[in-house]
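Data from model-v8.csv: CSV, C-alpha atoms
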chain,number,residue,atom,x,y,z
A,1,MET,CA,116.8,-94.4,85.6
A,2,LYS,CA,115.5,-90.9,84.7
A,3,LYS,CA,112.5,-89.8,86.7
A,4,THR,CA,109.7,-87.8,85.1
A,5,LEU,CA,106.8,-86.0,86.7
A,6,LEU,CA,103.4,-85.4,85.2
A,7,VAL,CA,102.4,-81.9,86.1
A,8,THR,CA,98.9,-80.5,85.6
A,9,PHE,CA,98.3,-76.8,85.8
A,10,LEU,CA,95.4,-74.8,84.4
A,11,CYS,CA,94.0,-78.0,82.8
A,12,GLU,CA,97.2,-78.7,80.9
A,13,THR,CA,99.3,-81.8,81.7
A,14,ARG,CA,103.0,-82.1,80.7
A,15,LYS,CA,106.0,-84.3,81.5
A,16,PHE,CA,109.0,-82.9,83.2
A,17,ASP,CA,112.3,-84.2,84.3
A,18,ALA,CA,112.2,-84.5,88.1
A,19,LYS,CA,115.5,-82.7,88.5
A,20,TYR,CA,114.0,-79.6,87.1
A,21,LEU,CA,111.0,-79.5,89.5
A,22,LYS,CA,112.2,-76.4,91.5
A,23,PHE,CA,112.8,-74.5,88.3
A,24,LEU,CA,109.4,-75.5,87.0
A,25,LEU,CA,107.7,-74.3,90.1
A,26,PHE,CA,109.5,-71.0,90.0
A,27,ALA,CA,108.6,-70.6,86.3
A,28,LEU,CA,104.9,-71.4,87.0
A,29,ILE,CA,104.8,-68.8,89.8
A,30,LEU,CA,106.4,-66.2,87.5
A,31,CYS,CA,104.3,-67.0,84.5
A,32,TYR,CA,101.0,-67.4,86.3
A,33,SER,CA,101.5,-65.0,89.1
A,34,PRO,CA,98.3,-63.1,88.1
A,35,LEU,CA,96.4,-66.0,89.6
A,36,PHE,CA,97.7,-65.0,93.0
A,37,TYR,CA,96.1,-61.5,92.8
A,38,THR,CA,92.6,-62.9,93.3
A,39,ASN,CA,90.5,-65.0,95.5
A,40,ALA,CA,88.4,-67.8,94.2
A,41,GLN,CA,85.3,-65.8,93.3
A,42,THR,CA,86.1,-62.1,92.7
A,43,GLY,CA,88.9,-60.0,91.6
A,44,CYS,CA,91.0,-59.5,88.5
A,45,PRO,CA,92.6,-62.5,86.8
A,46,VAL,CA,95.6,-60.5,85.6
A,47,ALA,CA,98.3,-58.6,87.4
A,48,PRO,CA,97.2,-55.1,88.7
A,49,SER,CA,99.4,-53.3,86.2
A,50,THR,CA,98.1,-55.2,83.1
A,51,LYS,CA,96.8,-53.0,80.3
A,52,ALA,CA,95.5,-55.6,77.9
A,53,ILE,CA,93.8,-59.0,78.2
A,54,SER,CA,95.0,-61.2,75.3
A,55,ASN,CA,92.8,-62.9,72.7
A,56,PHE,CA,91.4,-66.2,74.0
A,57,GLN,CA,93.2,-65.7,77.3
A,58,PHE,CA,90.5,-67.1,79.6
A,59,LYS,CA,88.3,-68.8,77.0
A,60,GLU,CA,86.3,-71.8,78.2
A,61,GLU,CA,88.6,-74.3,79.9
A,62,LYS,CA,91.1,-71.6,80.8
A,63,CYS,CA,88.4,-69.6,82.5
A,64,PRO,CA,88.8,-69.1,86.2
A,65,THR,CA,85.7,-69.7,88.4
A,66,PHE,CA,85.1,-66.0,88.9
A,67,THR,CA,81.6,-64.7,89.5
A,68,GLU,CA,82.8,-61.1,89.5
A,69,ILE,CA,85.7,-59.4,87.7
A,70,GLU,CA,87.0,-56.0,88.5
A,71,CYS,CA,90.1,-54.9,86.6
A,72,ASN,CA,90.8,-51.2,87.1
A,73,GLU,CA,93.9,-50.9,84.8
A,74,VAL,CA,92.8,-52.9,81.8
A,75,GLU,CA,92.3,-50.8,78.7
A,76,ASN,CA,91.9,-53.4,75.9
A,77,ILE,CA,90.0,-56.7,76.0
A,78,GLY,CA,91.0,-59.2,73.3
A,79,THR,CA,88.8,-61.3,71.0
A,80,GLU,CA,86.9,-64.1,72.9
A,81,SER,CA,89.1,-63.4,76.0
A,82,PHE,CA,86.3,-64.5,78.4
A,83,SER,CA,84.2,-66.5,75.9
A,84,GLY,CA,82.3,-69.4,77.6
A,85,CYS,CA,83.0,-68.2,81.2
A,86,THR,CA,79.6,-69.4,82.4
A,87,SER,CA,80.2,-68.6,86.1
A,88,LEU,CA,80.7,-64.9,85.3
A,89,LYS,CA,77.9,-62.6,86.6
A,90,SER,CA,79.5,-59.2,86.9
A,91,VAL,CA,82.3,-57.4,85.0
A,92,SER,CA,83.7,-53.9,85.8
A,93,MET,CA,86.7,-52.4,83.8
A,94,PRO,CA,86.4,-48.7,84.3
A,95,ASN,CA,89.5,-47.9,82.1
A,96,ALA,CA,88.6,-50.2,79.2
A,97,ILE,CA,88.7,-48.4,75.9
A,98,THR,CA,88.2,-51.3,73.5
A,99,ILE,CA,86.4,-54.6,73.7
A,100,SER,CA,87.1,-57.0,70.8
A,101,ASN,CA,84.6,-59.3,69.1
A,102,GLY,CA,83.1,-62.0,71.2
A,103,ALA,CA,85.0,-61.0,74.4
A,104,PHE,CA,82.1,-62.2,76.5
A,105,TYR,CA,80.5,-64.6,74.0
A,106,GLU,CA,78.4,-67.3,75.7
A,107,CYS,CA,78.8,-65.8,79.2
A,108,HIS,CA,75.1,-66.7,79.8
A,109,ASN,CA,75.0,-65.7,83.4
A,110,LEU,CA,76.5,-62.2,82.9
A,111,GLU,CA,74.1,-59.7,84.5
A,112,ASN,CA,76.1,-56.6,85.3
A,113,VAL,CA,78.7,-54.9,83.1
A,114,SER,CA,80.5,-51.6,83.5
A,115,PHE,CA,82.7,-50.2,80.8
A,116,PRO,CA,82.2,-46.4,81.1
A,117,ASN,CA,85.0,-45.4,78.8
A,118,VAL,CA,84.3,-47.7,75.8
A,119,LYS,CA,83.3,-45.8,72.7
A,120,SER,CA,81.3,-47.7,70.1

This entry written out as structure tokens:
Amino acid sequence: MKKTLLVTFLCETRKFDAKYLKFLLFALILCYSPLFYTNAQTGCPVAPSTKAISNFQFKEEKCPTFTEIECNEVENIGTESFSGCTSLKSVSMPNAITISNGAFYECHNLENVSFPNVKS
């Protein structure tokens, strides 16, 4: 009988063949390693060398429980990349050059922002 595992990661559940578990774990660590660069409340949800945050990357259910985000290397912030991140209170991205539409839409608790290099 073939054993399958249900694996939930970042609010997504999928079935996997049990014999591939160690490969699955390795792939998750590689693909989602940016999550290990932070603690639960502050930090940058992407790897330190990341220059761009993709469209919809942390929208709503994918949003980490950050209250503060500080990403020193990010230059481009995609469309609705943090949309609906209601726990977010402070964002600092000193090297950001562009912020796309709705990047912080419905971030109702956002109080402090710092994007000194963004040109309107």

Interatomic distance, CA of Thr50 (chain A) to CA of Asn117 (chain A) (Å, one decimal):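 Result for CA of Thr50 (chain A) versus CA of Asn117 (chain A): 16.9 Å, one decimal.
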
Close residues, Ser81 (chain A) itself excluded, 8 Å, all atoms listed in the file, min 2 positions apart in chain, as a compact mmCIF listing (two decimals) with C-alpha atoms, in the frame of the given file:
# COMPACT_ATOMS: atom_id res chain seq x y z
CA ILE A 53 93.80 -59.00 78.20
CA SER A 54 95.00 -61.20 75.30
CA ASN A 55 92.80 -62.90 72.70
CA PHE A 56 91.40 -66.20 74.00
CA GLN A 57 93.20 -65.70 77.30
CA PHE A 58 90.50 -67.10 79.60
CA LYS A 59 88.30 -68.80 77.00
CA ILE A 77 90.00 -56.70 76.00
CA GLY A 78 91.00 -59.20 73.30
CA THR A 79 88.80 -61.30 71.00
CA SER A 83 84.20 -66.50 75.90
CA GLY A 102 83.10 -62.00 71.20
CA ALA A 103 85.00 -61.00 74.40
CA PHE A 104 82.10 -62.20 76.50

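When all atoms listed in the file are used to measure the gap to Leu88 (chain A), the shortest distance among A:Val118, A:Val74, A:Cys107, A:Ala47 belongs to A:Cys107.
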
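Coordinates place CA of Pro45 (chain A) at a distance of 14.2 Å from CA of Glu61 (chain A).
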
Mind giving me the straight-line distance from CA of Ser87 (chain A) to CA of Cys44 (chain A) in Å, one decimal?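 For CA of Ser87 (chain A) relative to CA of Cys44 (chain A), the distance reads 14.3 Å.
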
Kindly indicate which residue among A:Val46, A:Ala52, A:Cys85, A:Ile69 lies nearest to His108 (chain A), using all atoms listed in the file for the distances. A:Cys85

Which residues are close to Asn112 (chain A), i.e. within 12 Å by only C-alpha atoms, leaving aside same-chain residues fewer than 5 positions away? Reply as an NGL selection string. :A and (67-70 or 88-93 or 107)

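Among the candidates A:Thr86, A:Pro116, A:Glu111, A:Glu60, the one nearest to Ile99 (chain A) when counting all atoms listed in the file is A:Pro116.
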